[in-house]
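*Asks:* Dumping the structure here so I can ask a few things about it.
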Amino acid sequence: MKTYIAKRLGYMFITLFIVVSITFFLMQYLPGTPFTNPEKLSVEQLEVMNEKYGLNKPVAIQYLNYLCDLARGDLGISYQYEGRSVNEILGERIGPSVLIGSQALIFGAIVGLLLGIISALKHNSFLDYGSVTIAVLGMSIPSFVFAALLQYYVGVKLGWLPAALWEGYENTIMPSLALSVTVIATVARFIRTEMLEVLGQDYIVTARAKGLSEKAVVFKHIIRNAIIPVVTMLGPLAVAIMTGTLVIEKIFTVPGLGEQFTKSILVNDYSVIMGVTLMYSALFIAIVFIVDILYGLIDPRISIKGEV
Amino acid sequence: MSSLKQEVEDDLFVRAPLEEKVLEDFAEEPVTFWNEAWRRLKKNRGSLLGLITIIFLSLMALFGPVISNHSFDDQDLALSNLPPKIEGLGWLGFDGRDVNGKDQYEAREVTSNFWFGTDEFGRDLWTRVWKATQISLFIAIVAAVLDLIIGVVYGGISGFFGGRVDGFLQRIIEVLIGIPNLIVIILFILILEPGITSIILAMVITGWVGMARVVRGQILQLKGQEYVLAARTLGTSNVKIIWKHLLPNVMGAIIITLMFTIPTAIFFEAFLSFIGLGLQPPLASLGVLIEDGYKSMRFFSFKLLFPAIVISAVMISFNLLGDGLRDALDPKMRK
Amino acid sequence: MSKYVMIKLFMLFTLVGLVLTGCNFSSSKDTTSENDENSKTTKAKQVLNMVEASEIPTMDSSLAHDNVSFTVLSNVNEGLYRLGKASEPELAMAKDDQVSEDGLVHTYTIRDANWSNGDPVTAADFVFAWQRVFKETGQYGSMFETANILNASEIVTGEKQADTLGVKALDEKTLEVTLTTPNALLGQLLTFPTFLPQNQKFVESQGEKYALEADNLLYNGPFILSEWKHDASWKYQKNTKYWDADTVKLDEVNVFVVKEAATQLNLYDTNKVDSINLSSASVDQYKDDKDFITLADSEIFFLRFNHNHKALGNKNIRRAIDMSWDKQAHVDRILNNGSLALYGLVPKNFSTSPTGKDFRELNGELNHGDIKEAQAYLAKGLKEIGQDSVDITLTVSAVEGNDKTAEYLKNQLEKNLPQVKIKLKLVPVEQRYELESALEYEMVISAWGPDYIDPMTYIGMWVTKGSANRMDYSNPKYDALVKNISSEEDTTKRYEMMLEAEKMLFEDAAIAPLYQRGLAVLQRSTINGLVRHPSGPDFSFKWTEIDAE
């Protein structure tokens, strides 16, 4: 187990290093300058600016400098907000993203589980069809369309929740809801399939045959066994939520990482792009890692011995 | 071994006579894997509906732009922002009236009907929606097929040869999996000029990994099966084993993965359009149309409605068909 | 075992979420909700809620280079002059402006005014701030050149040190500014935020932190920045220590950062904000609303031609392109937001002559022809370069709906000029600037917002090798004329020369103007005196008042 974790940590490190390097060199090919409003900049001024930010040095030197700073935990200075450090910007931004992301994940997982369980237990009933319909619709409507509709109907027409801005807890509800749609759909479909499979297993027949109450069979055997693999969905779900935040945060004006990322790529803020990329990758790698470890802990059938 | 071989003489074997009765047992046309799959698929109403919808949408994508007499880039500002109107379908909302109930066709003395309305350039949205469907499907299918080719080759090699080759290729995949594909795609599109080719390329760059993993897993599993062992013992060449024995059996998994890759690619393209990295005008994909429609959804809701319905229909039908195919092709479910 | 792990996982996520966000919410919502309740009482609450499409890039006046920063800076600080209600320069921190006979030395007496920490505003604060622009390589160092301030050009090119700049503090309250040539525009230019004062002691005590947060700043203007939540909102509060505090009616201005136009509209509809700019797509819905107004802005959009291109180097072809398309239909139906068709370089309602006439009115519509004329010019031009047809790539970036303009332009040009084929090339805005500067384009949709309120901000762009030229346009006669305008002291003569220069530019059909930007605004009718400026800051809140309904 220990060697396994050490090995995985090693891979995580290599992956991160590769991500940083690829992003850094891709950035060299990004068209345009990172300076806002270059329309009014003269050639001389551009040169001065490049020197100020060290952009006139050879790429290799810039790369080494970046790596050195990174090793010290310094992500550099933003270009679009003069003088503000990327660490500070990301520090402010990660909170809202994690909040709506985790709310969406928790809410989506609970609702998805309920829908999936109900539809599997009431297989081929109207409840089943209803849940399946919700799940399929959730997967087939682009999240930004759903978010826009939600904002207009719930926020403006009904006025139940604030349409946008980031001022209090009620502002987090609609973005989280919009994000959770994909989670609900994915989890519900997954659970339904798993449950149907478990229902056909011999041990369920055995459990029934030995006279266990239906309640005990459902809770102790069916649901428990079907839920375990949901943990493996965490990785793909985290990705779905990350993707979602890019557009949802923009629509609901959530000051989060996703919104910052889309903005930074459009204005060539190199250091912020690098910072967000690194952050997303680290988050993603960590989730995948945790899922693998958790899965080994939860499911006694899987043992971790060096190789998976 | 060699001495043993010499001792085995041909006359040690005697051909058993073929009995009539045994022959009769084989007379019936053998139920092939594909026949069986098709039979099962037909039983699944949902996936059949999905298949029909896909065929319908593909036909519309091909012929829809042709039957309306408008080109997707015909501008006429006198016809801008007309609501949808279809003769005889007024009760369904296709009555040419805007949000305020004013008949725009009457007010502007427009005689020809636009089934899905027009955009601000006066371009026929019916034509544009189907043209966009065509482009979106094209992007998705090409991306999926490229994923498939790279993925099958990579996964196939990795799974079939195993050992060191597999270990090496898997280490690469492990690293690639850790890179958030979203970010790589966005960076690539920024560097390449936005357009159909760069969107496809960007999606393939990260997309093939999933397919490669599926194929490798399947091959590893099949490789150990008795019939492959038997074929190998009989001295069948590697190529023939892959072609004759492994590939047909991996096909199911590949098709299922493909069915789920296509809608994901369509969604991704829509998403890229929304954050401003879409196609070059005047070309439009469903994502571009939805993004346009979103901006004016309050007053010209039809601009959002039709492309959104089409994209949802595409997503639903591919998902339904994918689900059905999984049930039909999954050997575990075959009894 | 599994149950516990799941529960722990659940708790972990919730906890992480709560801890990380605990400090992110604000109290500003209280004020807005109170505002809704109190709006019906006799005296309206003096609170204004606005939106802005971007965060404040910087609050350091030496570095500021965009309208959001300019707007905030001009409302919380004050220079020698400020833009008045009619966007005319009026004395602000300066009590008076004495000019020497040769017009080269201006002596300003600084008013009795204080910074928000109680320190008096002194002449030295100006000297420090102005020199600092060069030490910090601010992007608007060129404004000092435009103002003709002594040694500014040499400092920009690096020949001289920043402390040789022609500005001196004679005593605590007397500032002397020396020019190289007299400048009729000086008062106008001094309203620009780059010329704002900074308190040396404070700036130095803050070090690298200066201007990064609301607390790292000093204010001497009508408002103070009381709260600045990055990328979410900021809040102005009335500055009670402001010398003219009696004029200021508003107690508070909240500004929210909202990028999506649709979201802005939703916030307006739910009474969270009081004034928004409508996107073209929503104009039809609101054009009969009592709160709806359209305003002509002074940003111009135009086609830059690469004058080195074989076909586009020909002025008849350029003129044909300019004349061949329907500019009026474009602003009416595609933009649909109060933008005006533009047949010239200087926009409408921007500058008035000494005789009180609008620049545009005096010069009329230049190169306004019909399709027939356009086709004739094209035929002539094609003959001159010896080609039957011409393929042109039009570079455009998708900002301000320019991608729509390009789609329309392509369709119009190809329809009306059958020998012309247009290929669109959509690029991010940053890349467009780079391509423009490197002259790696054939035809590009560009924009230009004025730096100061005088036609020269447009006319000066086109001198040979000028940094805003970016299309290798060169006309020695034009260069000479522009040079003479800069040193001409007689305002009437100067104005005539500027009119002449514009005509010269269009004689060459150097550029093809597209439109003058307009704003479709949805604004509560209770808002009074919200001043919009054509250049520099977008708004002044100094004179704004909320009426009772």
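Residue numbers start at 1 in each chain; chains themselves are named A, B, ... in the order of the structure tokens; ligands are numbered from 1 in the order shown.
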If we count only C-alpha atoms, which residues of chain C reach to within 8 Å of chain B? Please list them as a ChimeraX atom specification.
*Replies:* /C:261-262,281-282,284-285,329,333-334,398,403,407-408,411,424-427
*Asks:* Quick check for you: according to DSSP on this backbone, which residues of segment 341-465 of chain C are classed as helix (DSSP H, G or I)? Reply as a PyMOL selection string.
*Replies:* chain C and resi 359-363+371-385+402-416+429-437+456-462
*Asks:* Just asking: which residues within segment 55-304 of chain C are strand (DSSP E or B) according to DSSP, as a VMD selection string?
*Replies:* chain C and resid 81 to 83 89 to 91 94 to 99 105 to 110 114 120 149 167 to 171 174 to 179 223 to 229 233 to 238 252 to 257 275 to 278 292 to 304
*Asks:* Select from chain B every residue with an atom at most 7 Å from any atom of chain A, then for each give the shortest pair of atoms and their distance in Å to one decimal, using only C-alpha atoms, rows by chain and rising number, as a Markdown table.
*Replies:*
| residue | atom | partner | partner_atom | distance |
| --- | --- | --- | --- | --- |
| B:Val175 | CA | A:Thr15 | CA | 5.0 |
| B:Gly178 | CA | A:Ile285 | CA | 5.5 |
| B:Ile179 | CA | A:Ser281 | CA | 5.9 |
| B:Pro180 | CA | A:Ser281 | CA | 5.8 |
| B:Leu182 | CA | A:Thr243 | CA | 7.0 |
| B:Ile183 | CA | A:Thr277 | CA | 6.8 |
| B:Leu190 | CA | A:Leu30 | CA | 6.5 |
| B:Ile191 | CA | A:Leu30 | CA | 5.4 |
| B:Phe267 | CA | A:Pro142 | CA | 6.9 |
| B:Ser312 | CA | A:Ser140 | CA | 4.8 |
| B:Met315 | CA | A:Ser140 | CA | 5.0 |
| B:Ile316 | CA | A:Ser140 | CA | 5.8 |
*Asks:* Which of these residues is nearest to chain A, using only C-alpha atoms: C:Ala379, C:Val399, C:Ala44, C:Ala468?
*Replies:*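 Ranked by minimum distance to chain A, first place goes to C:Ala468.
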*Asks:* Any idea what the distance is between atom CA of Arg171 of chain B and atom CA of Leu148 of chain B?
*Replies:*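 We find that atom CA of Arg171 of chain B and atom CA of Leu148 of chain B lie 20.2 Å from each other.
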*Asks:* Between atom CA of Ile309 of chain B and atom CA of Thr261 of chain B, measure the distance and give it in Å to one decimal.
*Replies:*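 So the answer is 19.7 Å.
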*Asks:* Excluding Gln151 of chain A and any residue of its chain fewer than 5 positions from it, enumerate the residues within 10 Å of it, using only C-alpha atoms, and give them as a ChimeraX atom specification.
*Replies:* /A:145-146,156-159,161-164,174-175,178,251-252 /C:262-263,266-267
*Asks:* Please provide the set of residues having any atom within 6 Å of segment 109-125 of chain C, restricted to only C-alpha atoms, with same-chain residues fewer than 5 positions apart removed, written as a list in words.
*Replies:*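 Final neighbour list, sorted by chain and number: Met93, Ala94, Lys95, Asp96, Ala169, Glu172, Lys173, Thr174, Leu175, Pro197, Gln198, Asn199, Leu218, Tyr219, Asn220 and Trp243 of chain C.
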